[in-house]
$ cat query_20.txt   # compact mmCIF, C-alpha atoms
# COMPACT_ATOMS: atom_id res chain seq x y z
CA MET A 33 70.49 84.51 15.10
CA ARG A 34 69.07 82.83 12.04
CA ARG A 35 65.63 84.09 12.99
CA LEU A 36 67.00 87.60 12.97
CA VAL A 37 68.66 87.37 9.52
CA ARG A 38 65.75 85.75 7.65
CA PRO A 39 63.17 88.61 8.08
CA LEU A 40 65.85 91.19 7.36
CA GLY A 41 66.78 89.44 4.13
CA LEU A 42 63.11 89.26 3.16
CA ALA A 43 62.64 93.00 3.73
CA VAL A 44 65.68 93.78 1.56
CA ALA A 45 64.35 91.51 -1.22
CA LEU A 46 60.95 93.27 -1.20
CA LEU A 47 62.52 96.67 -1.37
CA ALA A 48 64.63 95.55 -4.28
CA THR A 49 61.54 94.36 -6.19
CA MET A 50 59.59 97.62 -5.84
CA PRO A 51 61.23 99.37 -8.75
CA VAL A 52 60.63 96.29 -10.89
CA LEU A 53 56.89 96.34 -10.01
CA ALA A 54 56.61 100.01 -10.83
CA ALA A 55 58.07 99.38 -14.29
CA ASP A 56 55.77 96.40 -15.03
CA PRO A 57 53.44 97.62 -17.88
CA GLU A 58 50.90 94.77 -17.60
CA LEU A 59 49.59 95.86 -14.17
CA SER A 60 47.35 98.82 -13.62
CA ASP A 61 48.41 101.56 -11.26
CA LYS A 62 45.89 100.42 -8.69
CA GLU A 63 47.16 96.82 -8.82
CA LYS A 64 50.72 98.06 -8.56
CA LEU A 65 49.83 100.15 -5.51
CA ASP A 66 47.92 97.28 -3.90
CA ARG A 67 50.82 94.96 -4.47
CA ILE A 68 53.29 97.49 -3.07
CA LEU A 69 50.98 98.04 -0.08
CA ARG A 70 50.80 94.28 0.60
CA ASP A 71 54.55 93.99 0.31
CA MET A 72 54.97 96.92 2.70
CA GLN A 73 52.60 95.30 5.20
CA THR A 74 54.58 92.07 4.96
CA VAL A 75 57.81 94.00 5.49
CA LYS A 76 56.21 95.81 8.45
CA SER A 77 55.06 92.50 9.95
CA ASP A 78 58.52 91.02 9.44
CA LEU A 79 60.14 94.03 11.10
CA GLU A 80 57.81 93.67 14.10
CA LYS A 81 58.76 90.01 14.35
CA LEU A 82 62.38 91.06 14.05
CA ASN A 83 61.95 93.52 16.94
CA THR A 84 60.29 90.81 19.03
CA VAL A 85 63.18 88.44 18.33
CA ALA A 86 65.69 91.19 19.15
CA VAL A 87 63.97 91.83 22.50
CA GLN A 88 64.02 88.10 23.24
CA VAL A 89 67.72 87.92 22.36
CA GLN A 90 68.44 90.83 24.69
CA ALA A 91 66.47 89.18 27.51
CA THR A 92 68.28 85.89 26.93
CA THR A 93 71.64 87.67 26.90
CA LYS A 94 70.74 89.40 30.16
CA ASP A 95 69.70 86.05 31.70
CA LEU A 96 72.96 84.46 30.54
CA ARG A 97 75.00 87.27 32.13
CA GLU A 98 73.07 86.86 35.37
CA LEU A 99 73.69 83.10 35.35
CA GLN A 100 77.38 83.67 34.68
CA LYS A 101 77.61 86.06 37.67
CA ARG A 102 75.85 83.55 39.92
CA MET A 103 78.19 80.76 38.77
CA GLU A 104 81.23 82.92 39.53
CA SER A 105 79.79 83.74 42.95
CA LEU A 106 79.21 80.06 43.69
CA GLU A 107 82.72 79.14 42.55
CA GLN A 108 84.20 81.81 44.84
CA ALA A 109 82.10 80.57 47.77
CA MET A 110 83.28 77.00 47.14
CA GLU A 111 86.91 78.15 47.02
CA ARG A 112 86.46 79.99 50.34
CA LEU A 113 84.89 76.90 51.90
CA ALA A 114 87.65 74.65 50.60
CA ALA A 115 90.30 77.02 51.96
CA SER A 116 88.67 77.27 55.39
CA ARG A 117 88.04 73.54 55.76
CA VAL A 118 90.32 71.92 58.31
CA ARG A 119 90.76 68.20 58.31
CA VAL A 120 91.27 66.64 61.71
CA SER A 121 92.55 63.15 62.14
CA SER A 122 92.89 61.39 65.44
CA SER A 123 93.33 57.89 66.71
CA PHE A 124 92.50 55.97 69.83
CA THR A 125 94.50 53.08 71.11
CA PRO A 126 92.34 51.03 73.44
CA THR A 127 94.07 49.89 76.57
CA GLU A 128 93.06 47.09 78.85
CA PRO A 129 91.94 48.14 82.30
CA ALA A 130 94.68 47.98 84.89
CA THR A 131 94.40 44.77 86.90
CA GLY A 132 96.29 42.82 89.50
CA THR A 133 96.26 39.37 91.07
CA ILE A 134 95.27 38.20 94.54
CA MET A 135 96.97 35.07 95.83
CA VAL A 136 95.11 33.27 98.65
CA GLN A 137 97.01 30.61 100.62
CA ASN A 138 94.86 28.49 102.98
CA ARG A 139 97.00 27.07 105.80
CA TYR A 140 93.90 25.94 107.66
CA SER A 141 92.86 22.29 107.90
CA VAL A 142 89.33 23.16 106.73
CA PRO A 143 88.17 24.70 103.43
CA VAL A 144 87.60 28.46 103.43
CA THR A 145 85.74 30.90 101.26
CA VAL A 146 87.29 34.27 100.46
CA PHE A 147 84.97 37.10 99.38
CA VAL A 148 86.69 39.73 97.20
CA ASN A 149 84.43 42.73 96.49
CA GLY A 150 81.42 40.48 97.22
CA GLN A 151 82.52 37.70 94.83
CA GLN A 152 83.20 34.37 96.56
CA TYR A 153 86.21 32.15 95.88
CA PRO A 154 86.43 28.76 97.62
CA VAL A 155 89.91 27.62 98.67
CA PRO A 156 90.38 23.98 99.81
CA SER A 157 92.44 23.26 102.92
CA PHE A 158 96.20 23.57 102.49
CA GLU A 159 95.76 24.90 98.94
CA THR A 160 96.63 28.15 97.17
CA ARG A 161 94.19 29.96 94.87
CA ARG A 162 95.18 32.59 92.36
CA ILE A 163 92.51 35.23 91.56
CA ALA A 164 93.60 37.05 88.39
CA GLY A 165 92.08 40.09 86.68
CA VAL A 166 91.07 41.97 89.81
CA PRO A 167 90.67 45.67 88.90
CA ALA A 168 93.48 47.80 90.30
CA GLY A 169 92.48 50.14 93.10
CA ASN A 170 90.68 49.64 96.39
CA PHE A 171 89.04 46.32 97.20
CA ARG A 172 87.55 44.58 100.24
CA TYR A 173 87.99 40.99 101.32
CA GLU A 174 86.50 38.74 103.99
CA VAL A 175 87.29 35.13 104.95
CA GLN A 176 84.87 32.46 106.22
CA ALA A 177 85.95 28.99 107.34
CA GLU A 178 83.69 25.95 107.24
CA GLY A 179 82.37 25.28 110.71
CA PHE A 180 83.94 28.44 112.16
CA GLY A 181 82.05 31.24 110.35
CA VAL A 182 83.79 34.55 109.69
CA ILE A 183 87.43 34.31 110.69
CA GLN A 184 88.44 37.57 109.02
CA PRO A 185 85.85 40.37 108.86
CA ALA A 186 85.79 42.61 105.76
CA VAL A 187 89.05 44.51 105.38
CA PRO A 188 89.73 47.30 102.86
CA ARG A 189 92.97 47.04 100.93
CA SER A 190 94.57 48.51 97.80
CA LEU A 191 95.85 46.67 94.72
CA ASN A 192 98.23 48.27 92.23
CA ALA A 193 98.25 47.40 88.54
CA ASN A 194 100.28 44.27 87.73
CA GLU A 195 100.78 43.63 91.45
CA THR A 196 100.18 40.38 93.35
CA PHE A 197 98.53 40.83 96.73
CA SER A 198 98.88 37.83 99.07
CA ILE A 199 96.36 36.72 101.70
CA PHE A 200 97.51 34.06 104.21
CA ILE A 201 94.85 32.20 106.14
CA ASN A 202 96.48 30.77 109.25
CA PRO A 203 94.93 28.47 111.83
CA PRO A 204 94.28 29.98 115.22
CA ALA A 205 97.11 29.72 117.68
CA ALA A 206 96.92 26.75 120.02
CA PRO A 207 95.74 27.69 123.48
CA GLN A 208 98.53 28.08 125.99
CA LEU A 209 98.38 25.74 128.91
CA MET A 210 98.94 27.37 132.19
CA LEU A 211 100.63 25.35 134.78
CA VAL A 212 99.25 25.80 138.21
CA GLN A 213 101.54 25.10 141.05

$ encode --input "query_20.txt" --output "structure tokens"
Amino acid sequence: MRRLVRPLGLAVALLATMPVLAADPELSDKEKLDRILRDMQTVKSDLEKLNTVAVQVQATTKDLRELQKRMESLEQAMERLAASRVRVSSSFTPTEPATGTIMVQNRYSVPVTVFVNGQQYPVPSFETRRIAGVPAGNFRYEVQAEGFGVIQPAVPRSLNANETFSIFINPPAAPQLMLVQ
């Protein structure tokens, strides 16, 4: 704005001095006219500069208005986004897999090996073995006795969660003697 006021003030000052120059008796008419012509050219130049500055101010004002509109548009878009944003919160409580226990009681006089889902568990003679942490659901077991081989082929069974499934390994029944008469 200062740029705009300075040339205008200069033009007003020159116009105010013109009557003074015309009344100056020491200068010839030609010198007076030359001086007035120079002053007029200076005023004209200053007015052109003033017009240039005015055009620049108008362009800057237009740019500022455009920026203000864009800012308002962005603010509205942000408000719409903030209003449409939904926050979802969830949680997950991990649970341990459901398991059960298999209790193997060996009533045989020889050690046995019990296979549960392919995993072997030795059980000494006349001992009981607890197999914990077996996943609940279907499982297969097989029993082998030392020196006798497979005494119980693979059998499918089901184990419920927190249940104890018992397997009893009994010796074979003694052969019956037949009395012949």

$ atom_distance --input "query_20.txt" --atom1 "atom CA of Gln151 of chain A" --atom2 "atom CA of Thr127 of chain A"
24.8 Å

$ residues_near_point --input "query_20.txt" --point "(91.7, 33.7, 107.3)" --cutoff "7 Å" --atoms "all atoms listed in the file" --output "list in words"
Val175, Ile183, Gln184, Phe200, Ile201 and Asn202 of chain A

$ atom_distance --input "query_20.txt" --atom1 "atom CA of Ser141 of chain A" --atom2 "atom CA of Pro156 of chain A"
8.6 Å

$ residues_around --input "query_20.txt" --residues "Val142 of chain A" --least-positions-apart "4" --cutoff "10 Å" --atoms "only C-alpha atoms" --output "PDB file with C-alpha atoms, keeping the file's coordinate frame"
ATOM      1  CA  ASN A 138      94.860  28.490 102.980  1.00  0.00           C
ATOM      2  CA  VAL A 155      89.910  27.620  98.670  1.00  0.00           C
ATOM      3  CA  PRO A 156      90.380  23.980  99.810  1.00  0.00           C
ATOM      4  CA  SER A 157      92.440  23.260 102.920  1.00  0.00           C
ATOM      5  CA  PHE A 158      96.200  23.570 102.490  1.00  0.00           C
ATOM      6  CA  ALA A 177      85.950  28.990 107.340  1.00  0.00           C
ATOM      7  CA  GLU A 178      83.690  25.950 107.240  1.00  0.00           C
ATOM      8  CA  GLY A 179      82.370  25.280 110.710  1.00  0.00           C
ATOM      9  CA  PHE A 180      83.940  28.440 112.160  1.00  0.00           C
ATOM     10  CA  PRO A 203      94.930  28.470 111.830  1.00  0.00           C
TER      11      PRO A 203
END

$ atom_distance --input "query_20.txt" --atom1 "atom CA of Glu98 of chain A" --atom2 "atom CA of Leu79 of chain A"
28.4 Å

$ residues_around --input "query_20.txt" --residues "Gly181 of chain A" --least-positions-apart "6" --cutoff "12 Å" --atoms "all atoms listed in the file" --output "list in words"
Val142, Pro143, Val144, Thr145, Val146, Glu174 and Val175 of chain A

$ residues_around --input "query_20.txt" --residues "Val136 of chain A" --least-positions-apart "6" --cutoff "6 Å" --atoms "all atoms listed in the file" --output "ChimeraX atom specification"
/A:160-161,198-199

$ residues_around --input "query_20.txt" --residues "Phe171 of chain A" --least-positions-apart "5" --cutoff "6 Å" --atoms "all atoms listed in the file" --output "JSON, numbers by chain"
{"A": [149, 188, 189, 190]}

$ axis_aligned_box --input "query_20.txt" --around "segment 191-208 of chain A" --padding-each-side "6 Å" --output "JSON"
{"center_x": 97.5, "center_y": 37.5, "center_z": 106.9, "size_x": 18.5, "size_y": 33.5, "size_z": 50.3}

$ closest_residue --input "query_20.txt" --among "A:Thr92, A:Gln152, A:Ser60, A:Asn194" --to "Glu128 of chain A" --atoms "only C-alpha atoms"
A:Asn194

$ closest_residue --input "query_20.txt" --among "A:Gln176, A:Pro185, A:Val148, A:Arg139" --to "Pro204 of chain A" --atoms "all atoms listed in the file"
A:Arg139

$ closest_residue --input "query_20.txt" --among "A:Met72, A:Ser105, A:Tyr153, A:Phe147" --to "Tyr173 of chain A" --atoms "all atoms listed in the file"
A:Phe147
